[in-house]
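Quick notes on the structure that follows.
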Amino acid sequence: CNEENLGIYDYTASIGGCLLFLSCIIILYACVRLFLVARQSDERMLAYRSSERSNYATSNTVAVSGLLYSGGNLLIVLPTIILIIGVVANVDGASFFWAIFFLQLAIFQPLQGFVNALVYFRPKYLEYKNEKRREKAARVANLAANR
């Protein structure tokens, strides 16, 4: 055993950091790729679409949803990133850092389902909001016409 190489085990946390960084990159790549596929689909259907909707409404909706899903997932990964920084920096066990880490872990981990639900219901909420706005505008126009 070569005693000069024993310090190599001090950097095992960086392997976890690299894997975490790689998973974040994969999530972002999947989001961008999904947007590009939706944009290509929009471009192929451009000739058949009525002028009522925007040319790239579908791909823009997919892009926003993908970014929100990715942002929610990256927010959940934040405590793990902070943990890896703490391990690499050799923060001692009695430090206030660990209390903050466990607090973040207790807050952000259960929020992943809630954040995903918000992203899932967002298009339906926006559609409902636009429908109510149109109904209100129609009532105001009807009141103005009846005066």
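Here, A, B, ... name the chains of the structure tokens in the order displayed, residue numbers run from 1 inside each chain, and ligands are numbered from 1 in the same displayed order.
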
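Taking only C-alpha atoms, the non-local environment of A:Gly16 within 12 Å (same-chain residues fewer than 4 positions away omitted) comprises Tyr11, Thr12, Leu20, Phe21, Leu22, Ser23, Thr80, Ile81, Ile82, Leu83, Ile84, Ile85, Val87 and Val88 of chain A.
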
#### Entry: Selection: 10 Å around stretch 104-120 of chain A, only C-alpha atoms, excl. self and same-chain fewer than 5 positions, as a list in words
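Counting only C-alpha atoms, the residues come to Val64, Ser65, Gly66, Leu67, Leu68, Tyr69, Ser70, Gly71, Gly72, Asn73, Leu74, Leu75, Ile76, Val77, Leu78, Pro79, Thr80, Ile82, Leu83, Trp98, Ala99 and Tyr125 of chain A.
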
Selected residues written out with C-alpha atoms, as a CSV table (one decimal), in the first residue's frame:
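What landed in part26.csv:
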chain,number,residue,atom,x,y,z
A,64,VAL,CA,-42.6,26.9,-19.5
A,65,SER,CA,-43.9,23.7,-17.9
A,66,GLY,CA,-40.6,21.9,-18.5
A,67,LEU,CA,-38.6,24.8,-17.0
A,68,LEU,CA,-41.0,24.9,-14.0
A,69,TYR,CA,-40.6,21.1,-13.4
A,70,SER,CA,-36.8,21.4,-13.8
A,71,GLY,CA,-36.7,24.4,-11.4
A,72,GLY,CA,-38.8,22.5,-8.9
A,73,ASN,CA,-36.6,19.5,-9.0
A,74,LEU,CA,-33.4,21.6,-8.8
A,75,LEU,CA,-34.9,23.3,-5.8
A,76,ILE,CA,-35.4,20.0,-4.1
A,77,VAL,CA,-31.8,19.1,-4.9
A,78,LEU,CA,-30.5,22.3,-3.2
A,79,PRO,CA,-30.1,20.8,0.3
A,80,THR,CA,-28.1,17.9,-1.1
A,82,ILE,CA,-25.3,22.3,0.3
A,83,LEU,CA,-24.6,19.0,2.1
A,98,TRP,CA,-26.0,21.0,10.2
A,99,ALA,CA,-29.1,22.4,11.9
A,125,TYR,CA,-55.8,27.5,-13.8

### Message
Could you list, as a PyMOL selection string, every residue within 10 Å of stretch 33-36 of chain A, counting only C-alpha atoms and ignoring same-chain residues fewer than 4 positions away?
### Response
chain A and resi 27-29+40-42+58-67

### Expected answer as a PyMOL selection string: helix (DSSP H, G or I) residues in stretch 25-110 of chain A
chain A and resi 25-44+46-48+57-88+96-110

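Relative to atom CA of A:Val37, atom CA of A:Leu126 is found at 23.3 Å.
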